[in-house]
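Below is the file structure_10.txt, which contains compact mmCIF, C-alpha atoms and all ligand atoms.
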# COMPACT_ATOMS: atom_id res chain seq x y z
CA MET A 123 -97.79 134.54 -15.92
CA SER A 124 -100.45 135.63 -13.47
CA LEU A 125 -101.01 134.19 -10.07
CA ASP A 126 -104.60 133.88 -8.87
CA PHE A 127 -105.12 134.11 -5.14
CA ARG A 128 -107.91 132.21 -3.39
CA ILE A 129 -108.71 134.44 -0.43
CA GLU A 130 -110.27 132.92 2.67
CA THR A 131 -111.37 135.16 5.52
CA ILE A 132 -111.73 134.44 9.21
CA ALA A 133 -112.90 136.61 12.12
CA GLU A 134 -110.07 135.69 14.47
CA ILE A 135 -106.99 133.49 14.45
CA ASP A 136 -103.72 133.35 16.36
CA SER A 137 -101.58 134.10 13.28
CA THR A 138 -102.49 133.98 9.59
CA ASN A 139 -98.88 132.99 8.84
CA ARG A 140 -99.13 130.03 11.22
CA TRP A 141 -102.36 128.80 9.56
CA VAL A 142 -101.15 129.18 5.96
CA ARG A 143 -97.93 127.37 6.86
CA GLU A 144 -99.97 124.48 8.26
CA MET A 145 -102.06 124.33 5.07
CA ALA A 146 -98.86 124.37 2.99
CA LEU A 147 -97.39 121.48 4.95
CA ALA A 148 -100.64 119.60 4.26
CA GLY A 149 -100.13 120.19 0.51
CA ALA A 150 -102.15 123.35 -0.30
CA ALA A 151 -101.42 124.84 -3.73
CA GLU A 152 -99.75 128.19 -4.44
CA GLY A 153 -102.19 131.10 -4.23
CA LEU A 154 -103.93 130.17 -1.00
CA ALA A 155 -104.46 133.34 1.05
CA LEU A 156 -105.92 133.97 4.48
CA ARG A 157 -107.14 137.31 5.77
CA ALA A 158 -108.12 137.66 9.42
CA GLU A 159 -110.17 140.44 11.01
CA ARG A 160 -107.87 140.22 14.03
CA GLN A 161 -105.00 138.09 15.32
CA SER A 162 -104.58 136.98 18.92
CA ALA A 163 -100.87 136.14 18.46
CA GLY A 164 -99.78 138.04 15.35
CA ARG A 165 -96.07 137.65 14.87
CA GLY A 166 -93.21 139.79 13.67
CA ARG A 167 -89.64 138.72 13.01
CA LEU A 168 -87.46 137.08 15.67
CA GLY A 169 -90.44 136.07 17.80
CA ARG A 170 -91.69 139.65 18.17
CA GLU A 171 -95.36 140.55 18.40
CA TRP A 172 -97.48 142.18 15.67
CA VAL A 173 -100.26 144.16 17.35
CA SER A 174 -103.42 143.05 15.51
CA PRO A 175 -106.73 144.64 16.62
CA PRO A 176 -109.82 144.66 14.34
CA GLY A 177 -109.93 147.23 11.53
CA ASN A 178 -106.45 146.69 10.06
CA LEU A 179 -105.21 144.25 7.44
CA TYR A 180 -103.64 140.89 8.33
CA LEU A 181 -102.96 138.76 5.29
CA SER A 182 -100.81 135.72 4.51
CA LEU A 183 -100.12 134.29 1.06
CA LEU A 184 -98.81 130.89 0.05
CA LEU A 185 -96.21 130.94 -2.72
CA ARG A 186 -94.27 128.03 -4.19
CA PRO A 187 -91.54 129.71 -6.25
CA PRO A 188 -89.15 127.20 -7.85
CA ARG A 189 -86.16 128.94 -6.32
CA ARG A 190 -83.31 128.34 -3.90
CA LEU A 191 -83.82 129.39 -0.28
CA ALA A 192 -81.03 131.95 -0.63
CA GLU A 193 -83.12 133.86 -3.19
CA ILE A 194 -86.30 134.03 -1.12
CA GLY A 195 -85.34 137.15 0.84
CA GLY A 196 -86.10 139.11 -2.35
CA LEU A 197 -89.80 138.54 -1.72
CA ALA A 198 -89.77 140.79 1.37
CA PHE A 199 -88.47 143.68 -0.76
CA LEU A 200 -91.00 142.89 -3.47
CA ALA A 201 -93.88 142.90 -0.97
CA GLY A 202 -92.73 146.23 0.44
CA ILE A 203 -92.75 147.75 -3.04
CA ALA A 204 -96.27 146.38 -3.67
CA ILE A 205 -97.59 147.95 -0.45
CA ALA A 206 -95.81 151.25 -1.16
CA GLU A 207 -97.21 151.37 -4.71
CA PHE A 208 -100.69 150.69 -3.35
CA LEU A 209 -100.32 153.43 -0.72
CA THR A 210 -99.47 155.99 -3.38
CA THR A 211 -103.05 155.56 -4.62
CA ILE A 212 -104.49 156.13 -1.13
CA LEU A 213 -102.35 158.71 0.71
CA PRO A 214 -102.24 162.45 -0.01
CA ASP A 215 -98.42 162.70 -0.20
CA PRO A 216 -96.74 159.90 -2.18
CA ALA A 217 -93.31 161.36 -1.39
CA ALA A 218 -93.87 160.52 2.30
CA ILE A 219 -93.98 156.78 1.55
CA ARG A 220 -90.60 155.10 1.99
CA LEU A 221 -89.19 151.61 2.45
CA LYS A 222 -86.97 150.74 5.39
CA TRP A 223 -84.58 147.80 5.24
CA PRO A 224 -85.33 144.99 5.32
CA ASN A 225 -89.09 144.79 5.46
CA ASP A 226 -90.95 147.86 6.66
CA VAL A 227 -93.08 150.45 4.93
CA LEU A 228 -92.86 153.94 6.44
CA VAL A 229 -95.04 157.00 6.05
CA ASP A 230 -93.45 160.24 7.31
CA GLY A 231 -90.83 158.09 9.05
CA ARG A 232 -93.38 155.96 10.89
CA LYS A 233 -94.01 152.26 10.37
CA ILE A 234 -97.37 151.61 8.69
CA ALA A 235 -96.79 148.02 7.52
CA GLY A 236 -94.64 145.01 8.30
CA ILE A 237 -93.77 141.93 6.27
CA LEU A 238 -92.89 138.48 7.55
CA ILE A 239 -91.45 135.91 5.14
CA GLU A 240 -91.30 132.33 6.37
CA ALA A 241 -89.69 129.89 3.95
CA GLN A 242 -89.66 126.11 4.14
CA ASN A 243 -86.58 124.15 3.13
CA ALA A 244 -87.60 121.30 0.79
CA ALA A 245 -84.75 119.14 2.09
CA THR A 246 -86.24 119.17 5.60
CA LEU A 247 -89.55 117.82 4.27
CA THR A 248 -87.98 115.10 2.09
CA PRO A 249 -84.46 114.54 3.45
CA SER A 250 -83.69 111.67 1.07
CA ALA A 251 -84.69 113.42 -2.16
CA GLY A 252 -81.43 115.36 -2.65
CA GLU A 253 -83.26 118.68 -2.65
CA GLY A 254 -80.23 120.82 -1.82
CA ASP A 255 -81.41 124.22 -0.62
CA ARG A 256 -84.58 124.31 -2.71
CA CYS A 257 -87.53 126.20 -1.28
CA ALA A 258 -90.67 124.09 -0.85
CA PHE A 259 -92.93 127.05 -0.10
CA VAL A 260 -92.99 130.56 1.31
CA VAL A 261 -95.58 132.13 3.55
CA LEU A 262 -95.63 135.85 2.83
CA GLY A 263 -97.39 137.63 5.68
CA LEU A 264 -98.22 141.29 5.69
CA GLY A 265 -99.81 143.58 8.19
CA LEU A 266 -100.99 147.07 7.17
CA ASN A 267 -102.39 149.54 9.68
CA LEU A 268 -105.58 151.04 8.25
CA VAL A 269 -107.36 152.68 11.20
CA SER A 270 -105.11 152.27 14.26
CA HIS A 271 -101.52 151.74 15.32
CA PRO A 272 -99.74 150.83 18.55
CA GLN A 273 -98.09 153.45 20.75
CA GLY A 274 -94.69 153.05 22.33
CA ALA A 275 -93.22 150.57 19.82
CA LEU A 276 -89.43 150.58 19.32
CA TYR A 277 -90.04 152.27 15.97
CA PRO A 278 -92.83 154.92 15.83
CA ALA A 279 -95.97 153.67 14.04
CA THR A 280 -98.84 155.14 12.06
CA ASP A 281 -101.92 154.07 10.09
CA ILE A 282 -103.64 155.15 6.89
CA ARG A 283 -106.34 157.17 8.68
CA SER A 284 -103.77 159.04 10.84
CA ALA A 285 -101.66 159.69 7.74
CA GLY A 286 -104.61 161.47 6.08
CA GLY A 287 -105.63 158.65 3.74
CA ARG A 288 -109.19 157.84 2.86
CA ASP A 289 -111.06 155.18 4.83
CA LEU A 290 -110.77 151.80 3.22
CA SER A 291 -111.81 148.31 4.22
CA PRO A 292 -109.38 145.42 4.72
CA GLU A 293 -110.99 143.75 1.63
CA GLU A 294 -110.26 146.76 -0.54
CA ALA A 295 -106.70 146.95 0.78
CA THR A 296 -106.22 143.22 0.09
CA HIS A 297 -107.29 143.55 -3.54
CA GLY A 298 -105.31 146.73 -4.06
CA ILE A 299 -102.09 145.19 -2.72
CA LEU A 300 -102.50 141.92 -4.64
CA GLU A 301 -103.01 143.87 -7.85
CA LYS A 302 -99.59 145.47 -7.31
CA LEU A 303 -97.97 142.27 -6.08
CA ARG A 304 -98.90 140.01 -9.03
CA PRO A 305 -96.80 141.75 -11.72
CA LEU A 306 -93.88 142.22 -9.31
CA TYR A 307 -93.89 138.50 -8.49
CA ALA A 308 -93.94 137.68 -12.22
CA LEU A 309 -91.03 140.11 -12.75
CA TRP A 310 -89.02 138.48 -9.93
CA LEU A 311 -89.66 134.98 -11.31
CA ALA A 312 -88.66 136.05 -14.82
CA SER A 313 -85.72 138.38 -14.08
CA GLY A 314 -84.58 137.74 -10.52
CA PHE A 315 -83.77 140.25 -7.82
CA ALA A 316 -81.96 142.91 -9.92
CA PRO A 317 -85.07 144.84 -11.12
CA ILE A 318 -86.68 144.49 -7.68
CA ARG A 319 -83.54 145.92 -6.09
CA ASP A 320 -83.71 148.95 -8.40
CA LEU A 321 -87.37 149.58 -7.59
CA TRP A 322 -86.68 149.17 -3.88
CA LEU A 323 -83.72 151.58 -3.91
CA ALA A 324 -85.85 154.20 -5.65
CA LEU A 325 -88.18 154.11 -2.63
CA ALA A 326 -85.60 153.54 0.12
CA ALA A 327 -85.57 155.75 3.22
CA GLY A 328 -82.36 157.45 4.24
CA LEU A 329 -80.02 156.51 1.37
CA GLY A 330 -76.62 158.08 1.98
CA GLU A 331 -77.68 159.27 5.43
CA PRO A 332 -76.39 158.39 8.91
CA MET A 333 -77.87 155.25 10.45
CA THR A 334 -77.64 153.14 13.57
CA LEU A 335 -77.90 149.37 13.33
CA ARG A 336 -78.45 146.89 16.12
CA LEU A 337 -77.03 143.41 15.60
CA GLY A 338 -77.78 141.41 18.72
CA THR A 339 -75.78 143.22 21.42
CA GLU A 340 -73.60 145.12 18.93
CA THR A 341 -74.47 148.64 17.72
CA LEU A 342 -73.03 150.00 14.45
CA THR A 343 -73.16 153.58 13.21
CA GLY A 344 -72.34 154.81 9.72
CA LEU A 345 -73.86 155.87 6.42
CA PHE A 346 -76.56 153.83 4.68
CA ARG A 347 -75.14 152.88 1.28
CA GLY A 348 -78.03 150.77 -0.06
CA ILE A 349 -78.43 147.02 -0.62
CA ASP A 350 -76.41 144.53 -2.66
CA GLY A 351 -77.56 141.86 -5.11
CA ASP A 352 -78.51 139.58 -2.21
CA GLY A 353 -80.54 142.25 -0.40
CA HIS A 354 -77.85 142.68 2.27
CA LEU A 355 -77.58 146.17 3.76
CA GLN A 356 -74.42 148.13 2.91
CA ILE A 357 -73.11 150.40 5.63
CA ALA A 358 -70.03 152.65 5.49
CA LEU A 359 -68.96 152.61 9.13
CA ASP A 360 -67.78 155.68 11.01
CA SER A 361 -64.52 153.76 11.53
CA GLY A 362 -63.94 153.86 7.75
CA ASP A 363 -64.73 150.18 7.07
CA SER A 364 -67.66 149.01 4.96
CA ARG A 365 -69.88 146.12 5.98
CA SER A 366 -72.54 144.04 4.36
CA ILE A 367 -75.23 143.00 6.84
CA ALA A 368 -77.66 140.10 6.28
CA ALA A 369 -79.90 140.64 9.33
CA ALA A 370 -80.21 143.47 11.86
CA ASP A 371 -82.56 146.19 13.06
CA ILE A 372 -82.24 149.82 12.05
CA LEU A 373 -82.81 152.09 15.03
CA PRO A 374 -84.72 155.35 14.64
CA PRO A 375 -84.31 157.86 13.23
CA LEU A 376 -83.47 156.76 9.72
C1 LIG B 1 -92.66 142.80 11.14
O1 LIG B 1 -91.83 142.31 12.12
O2 LIG B 1 -92.76 143.97 10.84
C2 LIG B 1 -93.53 141.74 10.46
C3 LIG B 1 -94.98 141.89 10.75
C4 LIG B 1 -95.82 140.91 9.97
C5 LIG B 1 -97.25 140.88 10.44
C6 LIG B 1 -98.12 140.04 9.55
S1 LIG B 1 -99.81 140.22 9.93
C7 LIG B 1 -100.24 138.87 8.94
C8 LIG B 1 -99.15 137.82 9.13
N1 LIG B 1 -99.45 136.94 10.24
C9 LIG B 1 -98.57 137.07 11.26
O3 LIG B 1 -98.62 136.45 12.34
N2 LIG B 1 -97.66 138.02 10.93
C10 LIG B 1 -97.86 138.54 9.59
P1 LIG B 1 -90.70 143.16 12.84
O4 LIG B 1 -89.85 143.86 11.84
O5 LIG B 1 -90.07 142.19 13.78
O6 LIG B 1 -91.49 144.26 13.62
C11 LIG B 1 -92.18 143.96 14.82
C12 LIG B 1 -92.13 145.21 15.70
O7 LIG B 1 -92.96 146.22 15.13
C13 LIG B 1 -92.66 144.98 17.10
O8 LIG B 1 -91.64 144.56 17.97
C14 LIG B 1 -93.21 146.35 17.49
O9 LIG B 1 -92.15 147.19 17.93
C15 LIG B 1 -93.68 146.91 16.15
N3 LIG B 1 -95.11 146.68 15.91
C16 LIG B 1 -95.91 145.69 16.39
N4 LIG B 1 -97.15 145.78 15.90
C17 LIG B 1 -97.15 146.87 15.08
C18 LIG B 1 -98.14 147.48 14.26
N5 LIG B 1 -99.38 147.01 14.16
N6 LIG B 1 -97.76 148.58 13.57
C19 LIG B 1 -96.52 149.09 13.62
N7 LIG B 1 -95.53 148.55 14.37
C20 LIG B 1 -95.85 147.45 15.09

Step by step, read the file and then write its structure as structure tokens.
Amino acid sequence: MSLDFRIETIAEIDSTNRWVREMALAGAAEGLALRAERQSAGRGRLGREWVSPPGNLYLSLLLRPPRRLAEIGGLAFLAGIAIAEFLTTILPDPAAIRLKWPNDVLVDGRKIAGILIEAQNAATLTPSAGEGDRCAFVVLGLGLNLVSHPQGALYPATDIRSAGGRDLSPEEATHGILEKLRPLYALWLASGFAPIRDLWLALAAGLGEPMTLRLGTETLTGLFRGIDGDGHLQIALDSGDSRSIAAADILPPL
């Protein structure tokens, strides 16, 4: 099965994720995509900002996978793999490209791309229809730094030009990433998260190494043990316990 994307472009918008979500609520079909030249209010996770000047890639895709909400987190891993695979065709040193849990792509330990998955619960849209925890749609947003990156972010950043890659336009990057994403999405639909997890682990940064995690006001230190079948991070704590973490931030260095 192959998914065809219908890519619209716009010079400026607050957030491509916000717009695609609005179109989805109005009934747009799977495959709608919006690319903006810049965003005035690009968003990250947990209400954070995504710095979005002209020259970089800001893209949001509308997907309608017939899946439960609990399974949707797998798409963030899948998107990271797609971006990493694309970057191996662009950057001089493929070994420098790594994935950081849950949703970042790193080059030489610096964040080059971020992914924001926003899923809509079908039951909220049609409360009487007995939808359980079915997903009505997902907006998969991705930002990839092509020619510039912000300074002073919590996690150090980079861009393709700074990392020694060749100059490429946001259009070219869009097509290159979608080409990698299509077969991965088909694989996920057909076989679930297990093969995605394997691909992700093969590209993961810092496996088996010390890590620091921030969960709200709590800080955890231990060894990064990988991810489980739900995409939760596995950490072997310095205290000797093991924990499985659904959501947190990894602090540098990883
Ligand atoms: C993310 O959040 O990494 C998800 C970013 C998703 C952006 C895309 S762009 C198209 C679509 N439309 C949207 O409105 N969003 C999506 P998070 O893991 O929370 O990381 C955010 C943090 O990364 C910020 O708090 C900064 O520290 C840092 N940051 C912000 N802009 C950055 C950039 N351009 N490059 C690298 N790091 C950045």

- Message: Just want the 12 Å neighbourhood of Ala324 of chain A, counted on only C-alpha atoms, with same-chain residues fewer than 4 positions away dropped. Output as number ranges by chain.
- Response: A: 199, 203, 206-207, 217, 219-222, 317-320, 328-329, 348-349

Selected residues, C-alpha atoms, written as a PDB file, keeping the file's coordinate frame, please.
ATOM      1  CA  PHE A 199     -88.470 143.680  -0.760  1.00  0.00           C
ATOM      2  CA  ILE A 203     -92.750 147.750  -3.040  1.00  0.00           C
ATOM      3  CA  ALA A 206     -95.810 151.250  -1.160  1.00  0.00           C
ATOM      4  CA  GLU A 207     -97.210 151.370  -4.710  1.00  0.00           C
ATOM      5  CA  ALA A 217     -93.310 161.360  -1.390  1.00  0.00           C
ATOM      6  CA  ILE A 219     -93.980 156.780   1.550  1.00  0.00           C
ATOM      7  CA  ARG A 220     -90.600 155.100   1.990  1.00  0.00           C
ATOM      8  CA  LEU A 221     -89.190 151.610   2.450  1.00  0.00           C
ATOM      9  CA  LYS A 222     -86.970 150.740   5.390  1.00  0.00           C
ATOM     10  CA  PRO A 317     -85.070 144.840 -11.120  1.00  0.00           C
ATOM     11  CA  ILE A 318     -86.680 144.490  -7.680  1.00  0.00           C
ATOM     12  CA  ARG A 319     -83.540 145.920  -6.090  1.00  0.00           C
ATOM     13  CA  ASP A 320     -83.710 148.950  -8.400  1.00  0.00           C
ATOM     14  CA  GLY A 328     -82.360 157.450   4.240  1.00  0.00           C
ATOM     15  CA  LEU A 329     -80.020 156.510   1.370  1.00  0.00           C
ATOM     16  CA  GLY A 348     -78.030 150.770  -0.060  1.00  0.00           C
ATOM     17  CA  ILE A 349     -78.430 147.020  -0.620  1.00  0.00           C
TER      18      ILE A 349
END

- Note on the structure: Among A:Gly196, A:Pro187, A:Gly353, A:Gly286, Ser366 of chain A is approached most closely, using only C-alpha atoms, by A:Gly353

- Message: Hey, which residues sit close to ligand LIG 1 (chain B)? Say within 7 Å, counting only C-alpha atoms and all ligand atoms, and write them as a PyMOL selection string.
- Response: chain A and resi 137-140+163-168+170-174+180-182+225-226+233-238+263-265+267+271-272+275-277+279-280

- Task: Grab the atom CA of Leu376 of chain A to atom CA of Arg288 of chain A distance for me, in Å with one decimal place.
- Result: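 For atom CA of Leu376 of chain A relative to atom CA of Arg288 of chain A, the distance reads 26.6 Å.
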
- Point out the residue among A:Val227, A:Leu325, A:Ala192, A:Ala133 with the least atom-to-atom distance to Cys257 of chain A, counting all atoms listed in the file.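 Smallest distance to Cys257 of chain A is found for A:Ala192.
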
- Message: I want to know what sits within 8 Å of Arg160 of chain A, based on only C-alpha atoms, with residues of the same chain fewer than 2 positions away left out; could you give that as an MDAnalysis selection string?
- Response: chainID A and resid 133:135 158 162 174:178 180

Dump as a PDB file, in the frame of the given file, selection limited to C-alpha atoms:
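Done, and the output landed in out-v1.pdb:
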ATOM      1  CA  ALA A 133    -112.900 136.610  12.120  1.00  0.00           C
ATOM      2  CA  GLU A 134    -110.070 135.690  14.470  1.00  0.00           C
ATOM      3  CA  ILE A 135    -106.990 133.490  14.450  1.00  0.00           C
ATOM      4  CA  ALA A 158    -108.120 137.660   9.420  1.00  0.00           C
ATOM      5  CA  SER A 162    -104.580 136.980  18.920  1.00  0.00           C
ATOM      6  CA  SER A 174    -103.420 143.050  15.510  1.00  0.00           C
ATOM      7  CA  PRO A 175    -106.730 144.640  16.620  1.00  0.00           C
ATOM      8  CA  PRO A 176    -109.820 144.660  14.340  1.00  0.00           C
ATOM      9  CA  GLY A 177    -109.930 147.230  11.530  1.00  0.00           C
ATOM     10  CA  ASN A 178    -106.450 146.690  10.060  1.00  0.00           C
ATOM     11  CA  TYR A 180    -103.640 140.890   8.330  1.00  0.00           C
TER      12      TYR A 180
END

Using all atoms of segment 239-248 of chain A listed in the file and a margin of 5 Å per side, can you give the axis-aligned box centre and edge lengths in Å to one decimal, as lines of an AutoDock Vina configuration file?
center_x = -88.1
center_y = 125.5
center_z = 3.6
size_x = 16.7
size_y = 30.8
size_z = 15.6

- For the atom pair atom CA of Leu359 of chain A and atom CA of Thr343 of chain A, what is the interatomic distance in Å to one decimal place?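 Rounded to one decimal, the two atoms are 5.9 Å apart.
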
Need the neighbours of (-77.3, 152.5, 7.7): which residues are at most 6 Å away, counting only C-alpha atoms, as a PDB file with C-alpha atoms, keeping the file's coordinate frame?
ATOM      1  CA  MET A 333     -77.870 155.250  10.450  1.00  0.00           C
ATOM      2  CA  THR A 334     -77.640 153.140  13.570  1.00  0.00           C
ATOM      3  CA  GLY A 344     -72.340 154.810   9.720  1.00  0.00           C
ATOM      4  CA  LEU A 345     -73.860 155.870   6.420  1.00  0.00           C
ATOM      5  CA  PHE A 346     -76.560 153.830   4.680  1.00  0.00           C
ATOM      6  CA  ILE A 357     -73.110 150.400   5.630  1.00  0.00           C
TER       7      ILE A 357
END

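Of note, atom CA of Pro292 of chain A and atom CA of Pro374 of chain A are spaced 28.4 Å apart.
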
- Query: Using only C-alpha atoms, which residue out of A:Ala327, A:Ala204, A:Ala146, A:Ala218 lies closest to Gly298 of chain A?
  - Reply: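 Smallest separation from Gly298 of chain A among the options: A:Ala204.
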
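With all atoms listed in the file as the atoms that count, the residue of A:Ala151, A:Ile367, A:Pro216, A:Leu323 with the shortest distance to Leu355 of chain A is A:Ile367.
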